[in-house]
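Here is the file coords-v1.txt (compact mmCIF, C-alpha atoms and all ligand atoms).
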# COMPACT_ATOMS: atom_id res chain seq x y z
CA MET T 1 -17.62 -68.28 12.05
CA PRO T 2 -13.91 -67.91 11.36
CA GLY T 3 -11.66 -68.44 14.34
CA ARG T 4 -8.86 -66.20 15.60
CA LYS T 5 -6.37 -68.08 13.45
CA SER T 6 -8.31 -67.49 10.20
CA TRP T 7 -8.67 -63.68 10.97
CA THR T 8 -4.88 -63.46 11.33
CA GLY T 9 -4.50 -65.37 8.06
CA LEU T 10 -6.91 -63.03 6.25
CA TRP T 11 -5.07 -59.94 7.54
CA LYS T 12 -1.72 -61.37 6.45
CA ALA T 13 -3.06 -62.15 2.97
CA TRP T 14 -4.75 -58.76 2.43
CA ARG T 15 -2.37 -56.45 4.29
CA ARG T 16 -0.21 -55.60 1.25
CA PRO T 17 -3.02 -55.23 -1.37
CA LEU T 18 -4.92 -52.92 1.04
CA LEU T 19 -1.98 -50.55 1.61
CA LEU T 20 -2.37 -48.59 -1.65
CA PRO T 21 -6.18 -48.00 -1.40
CA ALA T 22 -5.73 -46.93 2.25
CA PHE T 23 -3.02 -44.47 1.24
CA LEU T 24 -5.21 -43.00 -1.53
CA LEU T 25 -8.13 -42.68 0.88
CA LEU T 26 -5.90 -40.75 3.31
CA ILE T 27 -4.84 -38.32 0.54
CA ALA T 28 -8.48 -37.78 -0.48
CA LEU T 29 -9.40 -37.03 3.16
CA CYS T 30 -6.54 -34.52 3.46
CA ALA T 31 -7.62 -32.78 0.23
CA ALA T 32 -11.18 -32.53 1.57
CA VAL T 33 -10.13 -31.10 4.94
CA LEU T 34 -7.19 -28.78 4.08
CA PRO T 35 -7.96 -25.53 2.21
CA PRO T 36 -6.63 -25.34 -1.35
CA VAL T 37 -4.13 -22.62 -2.35
CA GLY T 38 -5.91 -19.28 -2.69
CA HIS T 39 -8.82 -20.43 -0.57
CA VAL T 40 -11.01 -17.69 0.90
CA ARG T 41 -11.17 -18.08 4.67
CA GLU T 42 -14.74 -18.77 5.74
CA ASP T 43 -13.94 -18.79 9.47
CA LEU T 44 -13.34 -15.03 9.64
CA ARG T 45 -15.56 -12.83 11.73
CA ASP T 46 -18.07 -10.74 9.75
CA LEU T 47 -17.85 -7.04 10.47
CA ASP T 48 -20.77 -6.15 8.18
CA LEU T 49 -19.37 -2.68 7.54
CA PHE T 50 -20.94 -2.83 4.06
CA SER T 51 -23.82 -4.93 2.71
CA ASN T 52 -21.81 -5.63 -0.47
CA GLU T 53 -18.44 -4.86 -2.01
CA PRO T 54 -18.19 -1.06 -1.74
CA LEU T 55 -17.04 1.42 -4.36
CA VAL T 56 -13.93 3.51 -3.77
CA ARG T 57 -13.26 6.95 -5.25
CA ALA T 58 -9.60 7.48 -6.20
CA LEU T 59 -8.46 10.99 -7.14
CA LEU T 60 -6.51 10.67 -10.41
CA THR T 61 -5.75 14.31 -11.15
CA ARG T 62 -6.73 17.93 -10.47
CA ARG T 63 -7.09 20.24 -13.47
CA ASP T 64 -7.02 24.03 -13.56
CA SER T 65 -9.47 26.02 -15.64
CA GLY T 66 -8.38 26.18 -19.31
CA THR T 67 -6.88 22.70 -19.34
CA SER T 68 -8.21 19.58 -21.02
CA LEU T 69 -8.54 15.82 -20.64
CA GLU T 70 -7.82 13.43 -23.50
CA ILE T 71 -10.11 10.39 -23.50
CA GLY T 72 -8.38 7.69 -25.52
CA GLY T 73 -11.23 5.44 -26.60
CA PRO T 74 -15.01 5.14 -26.91
CA CYS T 75 -16.98 6.42 -23.91
CA ARG T 76 -20.31 7.83 -22.79
CA VAL T 77 -20.22 11.33 -21.21
CA ARG T 78 -23.16 12.19 -18.97
CA ASP T 79 -24.41 14.96 -16.69
CA ALA T 80 -27.81 15.69 -15.17
CA SER T 81 -29.14 16.98 -18.51
CA GLY T 82 -28.24 13.94 -20.67
CA SER T 83 -25.44 12.06 -22.36
CA ILE T 84 -23.53 11.61 -25.60
CA VAL T 85 -21.31 8.81 -26.90
CA LEU T 86 -17.82 9.70 -28.16
CA GLU T 87 -17.04 6.80 -30.49
CA ASP T 88 -13.31 7.56 -30.71
CA GLY T 89 -12.85 9.38 -27.42
CA GLY T 90 -11.78 13.00 -27.71
CA ARG T 91 -10.75 16.14 -25.85
CA LEU T 92 -12.78 17.48 -22.93
CA VAL T 93 -12.03 21.13 -22.11
CA TRP T 94 -12.61 22.52 -18.58
CA ASP T 95 -13.35 26.26 -18.41
CA GLY T 96 -13.95 26.51 -14.65
CA ARG T 97 -17.73 26.05 -14.95
CA ALA T 98 -18.38 23.31 -17.50
CA VAL T 99 -16.67 20.54 -19.45
CA ALA T 100 -16.96 20.97 -23.22
CA ALA T 101 -16.90 18.03 -25.64
CA GLY T 102 -17.00 19.80 -29.00
CA LYS T 103 -20.06 22.07 -28.86
CA ARG T 104 -21.78 20.09 -26.09
CA ARG T 105 -21.23 21.42 -22.54
CA PHE T 106 -21.59 19.29 -19.42
CA GLU T 107 -21.90 20.66 -15.91
CA PRO T 108 -20.22 18.80 -13.05
CA PRO T 109 -20.77 16.28 -11.71
CA VAL T 110 -19.98 14.59 -15.03
CA ALA T 111 -19.66 10.81 -15.43
CA ILE T 112 -17.51 9.21 -18.12
CA ALA T 113 -18.38 5.54 -18.52
CA PRO T 114 -17.49 2.80 -20.98
CA PRO T 115 -20.02 2.64 -23.85
CA ARG T 116 -22.56 -0.18 -23.92
CA GLY T 117 -20.70 -3.51 -24.00
CA GLY T 118 -17.38 -1.95 -22.89
CA THR T 119 -15.66 -2.25 -19.53
CA LEU T 120 -12.82 0.29 -19.54
CA VAL T 121 -12.30 4.01 -19.99
CA THR T 122 -8.92 5.30 -21.17
CA LEU T 123 -7.50 8.49 -19.71
CA GLY T 124 -3.78 8.02 -20.36
CA ARG T 125 -4.20 4.75 -18.46
CA ARG T 126 -7.09 2.28 -18.55
CA TYR T 127 -9.70 2.37 -15.79
CA ALA T 128 -12.58 0.10 -14.83
CA GLY T 129 -15.75 1.63 -13.34
CA THR T 130 -16.46 5.26 -14.20
CA LEU T 131 -14.55 8.51 -14.16
CA ARG T 132 -16.35 11.25 -12.25
CA LEU T 133 -15.53 14.90 -12.76
CA VAL T 134 -16.44 17.25 -9.92
CA ALA T 135 -15.51 20.89 -9.33
CA ASP T 136 -13.84 22.05 -6.12
CA ASP T 137 -14.33 25.44 -4.44
CA ASP T 138 -11.32 26.90 -6.27
CA GLY T 139 -12.68 26.21 -9.74
CA ARG T 140 -10.49 23.19 -10.32
CA LEU T 141 -11.77 19.96 -11.80
CA LEU T 142 -11.21 16.82 -9.72
CA VAL T 143 -11.01 13.68 -11.84
CA THR T 144 -11.85 10.62 -9.77
CA ASN T 145 -12.20 6.93 -10.64
CA ARG T 146 -15.24 5.34 -9.00
CA VAL T 147 -14.47 1.64 -9.04
CA PRO T 148 -15.38 -1.54 -7.11
CA LEU T 149 -12.96 -1.91 -4.18
CA GLU T 150 -11.53 -5.32 -5.19
CA THR T 151 -10.72 -4.08 -8.72
CA TYR T 152 -9.00 -1.06 -7.15
CA ILE T 153 -7.02 -3.28 -4.76
CA ALA T 154 -5.81 -5.40 -7.71
CA GLY T 155 -4.52 -2.18 -9.30
CA VAL T 156 -2.88 -1.10 -6.04
CA ILE T 157 -0.95 -4.34 -5.41
CA SER T 158 0.31 -4.26 -9.02
CA ALA T 159 1.47 -0.64 -8.72
CA GLU T 160 2.65 -0.66 -5.10
CA MET T 161 4.52 -3.96 -4.96
CA GLY T 162 4.67 -5.22 -8.54
CA LEU T 163 3.53 -8.64 -9.66
CA HIS T 164 7.14 -9.92 -9.65
CA PHE T 165 6.80 -10.18 -5.84
CA PRO T 166 5.77 -13.58 -4.40
CA ASN T 167 2.07 -14.43 -4.11
CA GLU T 168 1.92 -14.46 -0.29
CA ALA T 169 3.57 -11.02 -0.10
CA LEU T 170 1.03 -9.68 -2.62
CA LYS T 171 -1.88 -11.19 -0.65
CA ALA T 172 -0.58 -9.55 2.55
CA GLN T 173 -0.30 -6.27 0.63
CA ALA T 174 -3.92 -6.70 -0.57
CA VAL T 175 -5.20 -7.04 3.02
CA ALA T 176 -3.15 -4.04 4.21
CA SER T 177 -4.24 -1.89 1.24
CA ARG T 178 -7.88 -2.90 1.65
CA SER T 179 -7.80 -2.04 5.37
CA TYR T 180 -6.32 1.37 4.59
CA ALA T 181 -8.92 2.03 1.86
CA VAL T 182 -11.88 0.82 3.95
CA ARG T 183 -10.98 3.24 6.75
CA ARG T 184 -10.95 6.10 4.30
CA ILE T 185 -14.17 5.05 2.54
CA ARG T 186 -15.91 5.15 5.92
CA THR T 187 -14.51 8.47 7.11
CA ARG T 188 -14.49 10.55 3.94
CA GLN T 189 -18.08 10.25 2.75
CA ARG T 190 -18.55 14.03 2.70
CA ARG T 191 -15.38 14.55 0.66
CA ALA T 192 -15.11 14.33 -3.14
CA TYR T 193 -12.78 11.33 -2.99
CA ASP T 194 -11.55 8.62 -0.59
CA VAL T 195 -7.94 8.05 -1.67
CA GLY T 196 -5.36 9.67 -3.93
CA ALA T 197 -3.42 7.72 -6.55
CA THR T 198 0.16 8.56 -5.49
CA GLN T 199 2.51 7.54 -2.69
CA ALA T 200 0.81 10.07 -0.42
CA THR T 201 -1.98 7.47 -0.04
CA GLN T 202 -1.60 4.34 -2.20
CA VAL T 203 -0.18 4.19 -5.71
CA TYR T 204 -2.95 3.36 -8.21
CA ARG T 205 -2.59 3.34 -11.98
CA GLY T 206 -5.81 1.65 -13.06
CA ILE T 207 -5.78 -1.69 -14.85
CA LEU T 208 -2.18 -2.83 -15.41
CA PRO T 209 -0.67 -5.80 -17.30
CA GLY T 210 -1.19 -9.01 -15.33
CA HIS T 211 -4.55 -7.77 -13.99
CA ALA T 212 -6.11 -11.25 -14.14
CA ARG T 213 -3.41 -12.64 -11.80
CA ALA T 214 -3.73 -9.65 -9.51
CA ARG T 215 -7.51 -10.25 -9.37
CA ARG T 216 -6.98 -13.91 -8.42
CA LEU T 217 -4.63 -12.94 -5.58
CA VAL T 218 -7.05 -10.29 -4.34
CA ALA T 219 -9.95 -12.77 -4.59
CA ALA T 220 -8.04 -15.17 -2.30
CA THR T 221 -8.34 -12.54 0.47
CA ARG T 222 -11.77 -11.21 -0.59
CA ALA T 223 -13.19 -8.59 1.82
CA GLU T 224 -10.46 -9.30 4.43
CA VAL T 225 -9.29 -6.40 6.57
CA LEU T 226 -7.13 -6.10 9.68
CA ILE T 227 -8.89 -5.11 12.87
CA TYR T 228 -7.70 -4.09 16.30
CA ASP T 229 -9.72 -3.12 19.35
CA GLY T 230 -12.98 -3.39 17.38
CA ASP T 231 -11.90 -1.02 14.61
CA VAL T 232 -10.37 -1.46 11.15
CA LEU T 233 -6.62 -0.92 11.49
CA ASP T 234 -4.90 1.88 9.59
CA ALA T 235 -2.60 -0.73 8.05
CA VAL T 236 0.10 1.54 6.66
CA TYR T 237 3.19 0.21 4.91
CA SER T 238 6.36 1.34 3.19
CA SER T 239 8.96 -0.04 0.82
CA THR T 240 11.91 -0.92 3.07
CA CYS T 241 12.02 -0.41 6.82
CA GLY T 242 15.81 -0.92 7.04
CA GLY T 243 15.71 -3.69 9.67
CA HIS T 244 13.28 -2.43 12.32
CA THR T 245 9.86 -0.91 11.61
CA ARG T 246 9.26 2.57 12.97
CA PRO T 247 6.71 3.19 15.73
CA ALA T 248 3.75 5.12 14.28
CA GLU T 249 3.90 7.50 17.22
CA GLU T 250 7.51 8.41 16.42
CA ALA T 251 6.62 8.95 12.74
CA PHE T 252 3.27 10.68 12.91
CA GLY T 253 3.17 12.09 16.44
CA ASP T 254 -0.24 10.67 17.40
CA ALA T 255 -0.78 7.90 19.93
CA ALA T 256 -0.84 4.66 17.93
CA PRO T 257 -2.55 1.28 18.48
CA ALA T 258 -0.36 -1.63 19.60
CA PRO T 259 0.01 -3.26 16.12
CA LEU T 260 1.76 -0.06 14.92
CA MET T 261 4.33 0.17 17.74
CA GLY T 262 7.14 -1.06 15.47
CA GLY T 263 9.40 -4.06 15.87
CA PRO T 264 12.20 -6.07 14.31
CA CYS T 265 11.89 -6.87 10.60
CA GLY T 266 15.17 -8.51 9.63
CA HIS T 267 13.89 -9.59 6.21
CA CYS T 268 14.63 -6.59 3.99
CA ASN T 269 18.44 -6.64 4.01
CA ASP T 270 18.55 -7.48 0.30
CA ALA T 271 16.32 -4.54 -0.71
CA PRO T 272 17.90 -2.01 -3.11
CA LEU T 273 17.76 0.74 -0.46
CA ALA T 274 18.40 -1.28 2.69
CA ARG T 275 21.44 1.02 3.17
CA TRP T 276 22.18 4.47 1.71
CA THR T 277 24.67 7.29 2.21
CA ALA T 278 24.42 11.03 1.78
CA THR T 279 26.59 14.11 2.30
CA VAL T 280 26.03 17.74 3.15
CA LYS T 281 28.57 20.58 3.25
CA LEU T 282 28.97 22.45 6.53
CA ARG T 283 28.49 25.75 4.75
CA ALA T 284 25.00 24.59 3.71
CA VAL T 285 24.30 23.70 7.37
CA ARG T 286 25.57 27.12 8.48
CA ARG T 287 23.44 28.92 5.93
CA ALA T 288 20.25 26.99 6.73
CA LEU T 289 20.65 27.32 10.51
CA LYS T 290 22.06 30.87 10.40
CA LEU T 291 25.27 29.88 12.21
CA ALA T 292 28.33 32.16 12.29
CA ALA T 293 31.46 31.20 10.34
CA GLY T 294 34.28 29.56 12.28
CA PRO T 295 35.49 26.12 13.31
CA MET T 296 32.81 23.52 13.98
CA THR T 297 32.97 20.03 15.45
CA LEU T 298 30.42 17.27 15.83
CA GLY T 299 29.09 16.69 19.34
CA ALA T 300 26.74 14.01 20.69
CA LEU T 301 24.18 12.14 18.59
CA ARG T 302 20.83 11.29 20.19
CA PHE T 303 18.68 8.42 18.95
CA HIS T 304 15.05 7.30 19.20
CA PRO T 305 14.44 3.86 20.79
CA SER T 306 13.97 2.63 17.16
CA LYS T 307 17.66 3.56 16.62
CA ARG T 308 16.78 6.39 14.23
CA LEU T 309 18.63 9.67 14.82
CA ARG T 310 16.63 12.17 16.86
CA ALA T 311 19.13 15.05 16.89
CA LEU T 312 22.83 15.88 16.80
CA THR T 313 24.88 18.65 18.40
CA LEU T 314 27.26 20.93 16.54
CA LEU T 315 29.90 22.65 18.66
CA THR T 316 30.86 26.12 17.48
CA ALA T 317 32.81 29.04 18.97
CA ALA T 318 29.44 30.51 19.98
CA GLY T 319 28.42 27.32 21.82
CA ALA T 320 26.51 24.09 21.19
CA ARG T 321 23.75 24.03 18.61
CA GLU T 322 21.24 21.21 18.28
CA VAL T 323 20.20 20.07 14.81
CA THR T 324 17.16 17.82 14.68
CA ALA T 325 17.03 14.82 12.33
CA LYS T 326 14.13 16.55 10.58
CA GLN T 327 16.26 19.64 9.89
CA LEU T 328 19.10 17.44 8.68
CA ARG T 329 16.78 15.51 6.35
CA ARG T 330 15.50 18.78 4.91
CA LEU T 331 19.11 19.74 4.11
CA LEU T 332 19.70 16.36 2.47
CA GLY T 333 16.62 16.68 0.25
CA LYS T 334 16.18 13.69 -2.04
CA GLN T 335 19.43 12.15 -0.81
CA ALA T 336 17.55 11.09 2.35
CA LYS T 337 15.64 7.97 1.32
CA SER T 338 13.96 7.45 4.70
CA PRO T 339 13.77 8.96 8.20
CA TRP T 340 16.33 6.42 9.43
CA ILE T 341 19.64 8.29 9.81
CA ALA T 342 21.83 5.67 11.47
CA GLN T 343 25.19 7.43 11.72
CA VAL T 344 26.75 10.86 11.16
CA ALA T 345 30.46 11.68 10.88
CA LEU T 346 32.31 14.91 10.13
CA ASP T 347 35.10 14.83 7.53
CA ALA T 348 36.77 18.24 7.08
CA ASP T 349 33.93 20.44 5.77
CA THR T 350 31.40 17.67 5.04
CA LEU T 351 28.88 15.74 7.14
CA LEU T 352 28.82 12.08 6.07
CA ILE T 353 25.49 10.43 6.72
CA SER T 354 24.54 6.79 6.50
CA GLY T 355 20.92 5.74 6.56
CA ARG T 356 18.69 2.73 6.24
CA GLY T 357 15.54 1.89 4.34
CA PHE T 358 13.21 3.62 1.91
CA GLY T 359 9.92 5.24 2.91
CA HIS T 360 8.44 6.09 6.33
CA GLY T 361 9.15 2.63 7.78
CA VAL T 362 5.85 2.23 9.69
CA GLY T 363 3.73 -0.95 9.48
CA LEU T 364 4.28 -3.56 6.78
CA CYS T 365 7.74 -3.58 5.15
CA GLN T 366 7.18 -4.54 1.51
CA TYR T 367 10.67 -5.93 0.90
CA GLY T 368 10.48 -7.65 4.28
CA ALA T 369 7.19 -9.24 3.17
CA ARG T 370 9.03 -10.45 0.06
CA GLY T 371 11.76 -11.94 2.26
CA LEU T 372 9.23 -13.71 4.50
CA ALA T 373 7.27 -15.05 1.49
CA ARG T 374 10.53 -16.43 0.07
CA ARG T 375 10.98 -18.22 3.40
CA ARG T 376 7.59 -19.85 2.75
CA LYS T 377 5.61 -17.72 5.21
CA SER T 378 1.91 -17.26 4.43
CA ALA T 379 0.15 -13.92 3.96
CA GLY T 380 -1.39 -14.39 7.43
CA GLU T 381 2.03 -14.95 8.99
CA ILE T 382 3.44 -11.89 7.18
CA LEU T 383 0.58 -9.71 8.45
CA GLY T 384 1.04 -11.12 11.95
CA TRP T 385 4.75 -10.24 11.81
CA TYR T 386 4.22 -6.59 10.88
CA PHE T 387 0.92 -5.91 12.70
CA PRO T 388 1.29 -8.00 15.88
CA GLY T 389 -1.95 -8.28 17.84
CA ALA T 390 -4.20 -7.38 14.89
CA ASP T 391 -6.91 -9.83 13.76
CA ARG T 392 -8.38 -10.46 10.33
CA ALA T 393 -12.10 -10.06 9.65
CA ARG T 394 -14.45 -9.65 6.70
CA ALA T 395 -15.65 -6.11 5.94
CA TRP T 396 -18.74 -7.32 4.05
ZN ZN E 401 12.05 -4.37 6.69

Go through the file and emit its structure as structure tokens.
Ligand SMILES: [Zn+2]
Amino acid sequence: MPGRKSWTGLWKAWRRPLLLPAFLLLIALCAAVLPPVGHVREDLRDLDLFSNEPLVRALLTRRDSGTSLEIGGPCRVRDASGSIVLEDGGRLVWDGRAVAAGKRRFEPPVAIAPPRGGTLVTLGRRYAGTLRLVADDDGRLLVTNRVPLETYIAGVISAEMGLHFPNEALKAQAVASRSYAVRRIRTRQRRAYDVGATQATQVYRGILPGHARARRLVAATRAEVLIYDGDVLDAVYSSTCGGHTRPAEEAFGDAAPAPLMGGPCGHCNDAPLARWTATVKLRAVRRALKLAAGPMTLGALRFHPSKRLRALTLLTAAGAREVTAKQLRRLLGKQAKSPWIAQVALDADTLLISGRGFGHGVGLCQYGARGLARRRKSAGEILGWYFPGADRARAW
């Protein structure tokens, strides 16, 4: 048996040659334990809202009787009575009762699907899944895209944020958009569609360039939604909050859950519309509010706790007149980029207004998410910043 002295000698002789293998072993262990980039979190709670990935129905357009749809490529058109294949696409004419493709008439609901072996249908833009045509009570044709949720979310993050945004911001957007869509899928089953395709719900333009990358980012958060108090959170978002997100209650009037109470953002200062200005002539104010002519001065401004203007007072010969921020925004029209009016001044016959941000300002701030991602914050940290108190869970 070797004595104490020979053990020390062995260690001294082998210490240096062993350093490199030990270092490599440590790296291998780290790689095995730490999740790779884009890893799907397996530790999330299962909500089991759906047995599998659900389909979502996005309303693409509404058509009046006498108008037509131009299908840009091969497709199969089907109703309850049968189907035909249009090899080169073609015009579908809606007459208020049926959709005509040449001499063949189809009664809603009509499905337009890719032909055998195809994956996309072209209606101006390219869509995965199927297009479904249903009639509403007013004789209009609703054109919806029925598509797997994750494919839809890839389209939404491309259209809403743009793939030039950093990966972690796009992944946070995917979770917010999925949460929003899942809530609507669950509550609108009796309606003809779940979501629109414009800013009124979420912007969706089908399959866009860069779709494969968008799919990979969406796959990294597969099935993930935000939850609060046992329910999927209505994870709303807007372009640029202006520095402080707006409490949902202030914006929408209803009592809101804690993650939508608003809070400091501080990461969207470099957004194109972080600051904006607008003007309105006093005579336009007089006309809209039916005020008498005569001298007018600006009285007190009142603000919400979120620092957004609530109302201002105009002092006239007939007395003080309150103008709400909503009335003022209506007078500004498209000049008002957001509900955040930060300051108002009167210069001769013109009200000078300065505002902040773009969009309603509630929930996730997209440019703020970009700022946080550039500061190396993860999608989870971004979501935690804008929806404090919310958890992440898997919807299926
Ligand atoms: Zn912001």

Give one line per residue of stretch 220-271 of chain T that approaches stretch 48-61 of chain T to at most 10 Å, naming the two atoms of the closest pair and their distance in Å to one decimal, counting only C-alpha atoms; sort by chain then ascending residue number and deliver it as JSON lines.
{"residue": "T:Arg222", "atom": "CA", "partner": "T:Glu53", "partner_atom": "CA", "distance": 9.3}
{"residue": "T:Ala223", "atom": "CA", "partner": "T:Glu53", "partner_atom": "CA", "distance": 7.5}
{"residue": "T:Val232", "atom": "CA", "partner": "T:Leu49", "partner_atom": "CA", "distance": 9.8}

Restrict the selected residues to C-alpha atoms and save them as a PDB file, in the frame of the given file.
ATOM      1  CA  ARG T 222     -11.770 -11.210  -0.590  1.00  0.00           C
ATOM      2  CA  ALA T 223     -13.190  -8.590   1.820  1.00  0.00           C
ATOM      3  CA  VAL T 232     -10.370  -1.460  11.150  1.00  0.00           C
TER       4      VAL T 232
END

With all atoms listed in the file as the basis for distance, which of T:Thr144, T:Thr67, T:Gln343, T:Ser177 is at the shortest distance from T:Ala111?
T:Thr144

Nearby residues, (9.9, -12.7, 1.0) file frame, 10 Å, only C-alpha atoms, as number ranges by chain
T: 165-169, 267-268, 366-378, 382

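With all atoms listed in the file as the basis for measurement, T:Gly243 is the residue among T:Gly319, T:Gly243, T:Gly263, T:Pro108 that approaches ligand ZN 401 (chain E) most closely.
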
Got a sec to check which residues lie within 12 Å of ligand ZN 401 (chain E), using all atoms listed in the file, and send them as a VMD selection string?
chain T and resid 237 to 246 262 to 275 340 356 to 372 382 385 to 386

Calculate how many Å separate atom CA of T:Ala192 from atom CA of T:Leu133, rounding to one decimal.
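Separation between atom CA of T:Ala192 and atom CA of T:Leu133: 9.6 Å.
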
Report as an MDAnalysis selection string all protein, DNA and RNA residues lying within 9 Å of T:Ser158, evaluated on only C-alpha atoms, omitting residues in the same chain fewer than 5 positions from it.
chainID T and resid 153 163:164 170 204:205 207:211 214

Measuring atom to atom with all atoms listed in the file, identify which of T:Ala345, T:Ser68, T:Gly73, T:Arg191 is nearest to T:Arg91.
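For T:Arg91, the nearest of the candidates is T:Ser68.
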
Selection near T:Pro74, 12 Å with all atoms listed in the file, sequence-local residues under 5 positions removed, as a PDB file with C-alpha atoms, in the coordinates of the input:
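Output saved as result-v7.pdb:
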ATOM      1  CA  ILE T  84     -23.530  11.610 -25.600  1.00  0.00           C
ATOM      2  CA  VAL T  85     -21.310   8.810 -26.900  1.00  0.00           C
ATOM      3  CA  LEU T  86     -17.820   9.700 -28.160  1.00  0.00           C
ATOM      4  CA  GLU T  87     -17.040   6.800 -30.490  1.00  0.00           C
ATOM      5  CA  ASP T  88     -13.310   7.560 -30.710  1.00  0.00           C
ATOM      6  CA  GLY T  89     -12.850   9.380 -27.420  1.00  0.00           C
ATOM      7  CA  GLY T  90     -11.780  13.000 -27.710  1.00  0.00           C
ATOM      8  CA  ARG T  91     -10.750  16.140 -25.850  1.00  0.00           C
ATOM      9  CA  ILE T 112     -17.510   9.210 -18.120  1.00  0.00           C
ATOM     10  CA  ALA T 113     -18.380   5.540 -18.520  1.00  0.00           C
ATOM     11  CA  PRO T 114     -17.490   2.800 -20.980  1.00  0.00           C
ATOM     12  CA  PRO T 115     -20.020   2.640 -23.850  1.00  0.00           C
ATOM     13  CA  ARG T 116     -22.560  -0.180 -23.920  1.00  0.00           C
ATOM     14  CA  GLY T 117     -20.700  -3.510 -24.000  1.00  0.00           C
ATOM     15  CA  GLY T 118     -17.380  -1.950 -22.890  1.00  0.00           C
ATOM     16  CA  THR T 119     -15.660  -2.250 -19.530  1.00  0.00           C
ATOM     17  CA  LEU T 120     -12.820   0.290 -19.540  1.00  0.00           C
ATOM     18  CA  VAL T 121     -12.300   4.010 -19.990  1.00  0.00           C
ATOM     19  CA  THR T 122      -8.920   5.300 -21.170  1.00  0.00           C
ATOM     20  CA  LEU T 123      -7.500   8.490 -19.710  1.00  0.00           C
ATOM     21  CA  ARG T 126      -7.090   2.280 -18.550  1.00  0.00           C
TER      22      ARG T 126
END

Atoms are missing here; could stretch 344-358 of chain T be completed with N, CA and C atoms and written as a CSV table (one decimal), in the frame of the given file?
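Output file selection-v6.csv follows:
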chain,number,residue,atom,x,y,z
T,344,VAL,N,26.3,9.6,11.7
T,344,VAL,CA,26.8,10.9,11.2
T,344,VAL,C,28.2,11.0,11.6
T,345,ALA,N,29.0,11.4,10.6
T,345,ALA,CA,30.5,11.7,10.9
T,345,ALA,C,30.8,13.0,10.2
T,346,LEU,N,31.9,13.6,10.7
T,346,LEU,CA,32.3,14.9,10.1
T,346,LEU,C,33.7,14.7,9.5
T,347,ASP,N,33.8,15.0,8.2
T,347,ASP,CA,35.1,14.8,7.5
T,347,ASP,C,35.4,16.2,6.9
T,348,ALA,N,36.4,16.9,7.5
T,348,ALA,CA,36.8,18.2,7.1
T,348,ALA,C,35.5,19.1,7.0
T,349,ASP,N,35.1,19.5,5.8
T,349,ASP,CA,33.9,20.4,5.8
T,349,ASP,C,32.6,19.7,5.4
T,350,THR,N,32.6,18.4,5.5
T,350,THR,CA,31.4,17.7,5.0
T,350,THR,C,30.8,16.7,6.1
T,351,LEU,N,29.5,16.7,6.3
T,351,LEU,CA,28.9,15.7,7.1
T,351,LEU,C,28.6,14.5,6.3
T,352,LEU,N,29.1,13.4,6.8
T,352,LEU,CA,28.8,12.1,6.1
T,352,LEU,C,27.7,11.3,6.8
T,353,ILE,N,26.7,11.0,6.1
T,353,ILE,CA,25.5,10.4,6.7
T,353,ILE,C,25.2,9.0,6.1
T,354,SER,N,25.0,8.1,7.0
T,354,SER,CA,24.5,6.8,6.5
T,354,SER,C,23.2,6.5,7.1
T,355,GLY,N,22.3,6.0,6.2
T,355,GLY,CA,20.9,5.7,6.6
T,355,GLY,C,20.5,4.4,6.1
T,356,ARG,N,19.3,4.1,6.5
T,356,ARG,CA,18.7,2.7,6.2
T,356,ARG,C,17.3,2.9,5.8
T,357,GLY,N,16.9,2.0,4.8
T,357,GLY,CA,15.5,1.9,4.3
T,357,GLY,C,15.1,2.9,3.4
T,358,PHE,N,13.8,2.7,2.9
T,358,PHE,CA,13.2,3.6,1.9
T,358,PHE,C,11.7,3.8,2.3
